[in-house]
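First comes the structure, then the notes that go with it.
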Amino acid sequence: MATTTRFKAFCTECRTKVELGAEALRLAVGRTRERTFYSFTCPECGAAVRKPAGDRIVDALTGAGVSTMRLHPGR
């Protein structure tokens, strides 16, 4: 039986601790740590939440198959 990876996060709006599957998260990888973040829609209040993602978080999310987008600076 396959197990689905679940991630715990806090909503910055309603302050609820939520548990999300990989399909509910999005990862944006920028050229620097300051521009790398993950985001999700809070299942409790519907707020769009965006949080910084360091190397460990990036590794965990990509390893679980979270949808990843590479960001490129504008010209």
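Each chain in the structure tokens gets a letter, A, B and so on, in the order shown; residues start at 1 in every chain, and ligands are counted from 1 in the order they appear.
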
Could you name the residues that touch Val66 of chain A at 8 Å or less, counting only C-alpha atoms, but leaving out those on the same chain fewer than 2 positions away, as an NGL selection string?
-> :A and (22-23 or 25-27 or 61-64 or 68)

Go ahead and save the picked residues with N, CA and C atoms, as a PDB file, in the first residue's frame.
ATOM      1  N   ALA A  22       0.854  16.775  -0.958  1.00  0.00           N
ATOM      2  CA  ALA A  22       1.728  17.397  -1.959  1.00  0.00           C
ATOM      3  C   ALA A  22       0.933  18.128  -3.030  1.00  0.00           C
ATOM      4  N   GLU A  23      -0.237  17.626  -3.372  1.00  0.00           N
ATOM      5  CA  GLU A  23      -1.047  18.249  -4.417  1.00  0.00           C
ATOM      6  C   GLU A  23      -1.587  19.624  -4.022  1.00  0.00           C
ATOM      7  N   LEU A  25       0.187  21.925  -2.360  1.00  0.00           N
ATOM      8  CA  LEU A  25       1.293  22.871  -2.219  1.00  0.00           C
ATOM      9  C   LEU A  25       1.892  23.215  -3.572  1.00  0.00           C
ATOM     10  N   ARG A  26       2.482  24.414  -3.645  1.00  0.00           N
ATOM     11  CA  ARG A  26       3.226  24.853  -4.823  1.00  0.00           C
ATOM     12  C   ARG A  26       4.560  25.395  -4.332  1.00  0.00           C
ATOM     13  N   LEU A  27       5.612  25.136  -5.074  1.00  0.00           N
ATOM     14  CA  LEU A  27       6.955  25.577  -4.708  1.00  0.00           C
ATOM     15  C   LEU A  27       7.500  26.454  -5.821  1.00  0.00           C
ATOM     16  N   LEU A  61       9.875  19.019  -0.210  1.00  0.00           N
ATOM     17  CA  LEU A  61       8.749  19.232  -1.115  1.00  0.00           C
ATOM     18  C   LEU A  61       8.997  18.625  -2.491  1.00  0.00           C
ATOM     19  N   THR A  62      10.177  18.829  -3.048  1.00  0.00           N
ATOM     20  CA  THR A  62      10.460  18.251  -4.360  1.00  0.00           C
ATOM     21  C   THR A  62      10.488  16.729  -4.283  1.00  0.00           C
ATOM     22  N   GLY A  63      11.012  16.194  -3.189  1.00  0.00           N
ATOM     23  CA  GLY A  63      11.051  14.746  -3.010  1.00  0.00           C
ATOM     24  C   GLY A  63       9.671  14.121  -2.932  1.00  0.00           C
ATOM     25  N   ALA A  64       8.690  14.904  -2.478  1.00  0.00           N
ATOM     26  CA  ALA A  64       7.317  14.406  -2.366  1.00  0.00           C
ATOM     27  C   ALA A  64       6.501  14.674  -3.626  1.00  0.00           C
ATOM     28  N   THR A  68       6.603  22.313  -8.872  1.00  0.00           N
ATOM     29  CA  THR A  68       7.686  23.276  -8.701  1.00  0.00           C
ATOM     30  C   THR A  68       7.820  24.171  -9.924  1.00  0.00           C
TER      31      THR A  68
END

Would you list, as number ranges by chain, the residues of chain A that end up in strand (DSSP E or B) under DSSP run on this structure's backbone?
-> A: 6-10, 17-21, 25-29, 37-41, 48-52, 67-70

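Nearest-residue note for Lys17 of chain A: choosing from A:Leu71, A:Ala47, A:Cys42, A:Ile57, the minimum distance belongs to A:Cys42, counting only C-alpha atoms.
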
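The neighbours of Arg35 of chain A here are the residues that come within 9 Å of it, using only C-alpha atoms and leaving out any residue fewer than 4 positions away in the same chain; they are Ala28, Val29, Gly30, Arg31, Pro52, Ala53 and Leu71 of chain A.
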
Keeping only N, CA and C atoms, write the selected residues as a CSV table (one decimal), in the first residue's frame.
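What landed in again-v8.csv:
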chain,number,residue,atom,x,y,z
A,28,ALA,N,8.0,27.6,-5.4
A,28,ALA,CA,8.7,28.5,-6.4
A,28,ALA,C,10.1,28.7,-6.0
A,29,VAL,N,11.0,28.3,-6.9
A,29,VAL,CA,12.5,28.3,-6.6
A,29,VAL,C,13.1,29.5,-7.4
A,30,GLY,N,13.6,30.5,-6.6
A,30,GLY,CA,14.2,31.7,-7.2
A,30,GLY,C,15.7,31.5,-7.2
A,31,ARG,N,16.4,32.5,-7.7
A,31,ARG,CA,17.9,32.4,-7.8
A,31,ARG,C,18.5,32.5,-6.4
A,52,PRO,N,8.6,31.4,3.2
A,52,PRO,CA,9.9,31.1,2.7
A,52,PRO,C,10.2,29.7,2.8
A,53,ALA,N,11.1,29.2,1.8
A,53,ALA,CA,11.5,27.8,1.8
A,53,ALA,C,13.0,27.7,1.7
A,71,LEU,N,11.7,30.4,-10.9
A,71,LEU,CA,11.5,31.9,-11.2
A,71,LEU,C,12.8,32.5,-11.8

May I have the residues within 12 Å of Thr12 of chain A as a list in words, using only C-alpha atoms and disregarding those fewer than 4 positions away in the same chain?
-> Thr16, Lys17, Val18, Ser39, Phe40, Thr41, Cys42, Glu44, Cys45, Gly46, Ala47, Ala48, Val49, Arg50 and Lys51 of chain A

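Here the residues within segment 34-65 of chain A that DSSP labels alpha helix (DSSP H) on the basis of the backbone are Asp55, Arg56, Ile57, Val58, Asp59, Ala60, Leu61, Thr62 and Gly63 of chain A.
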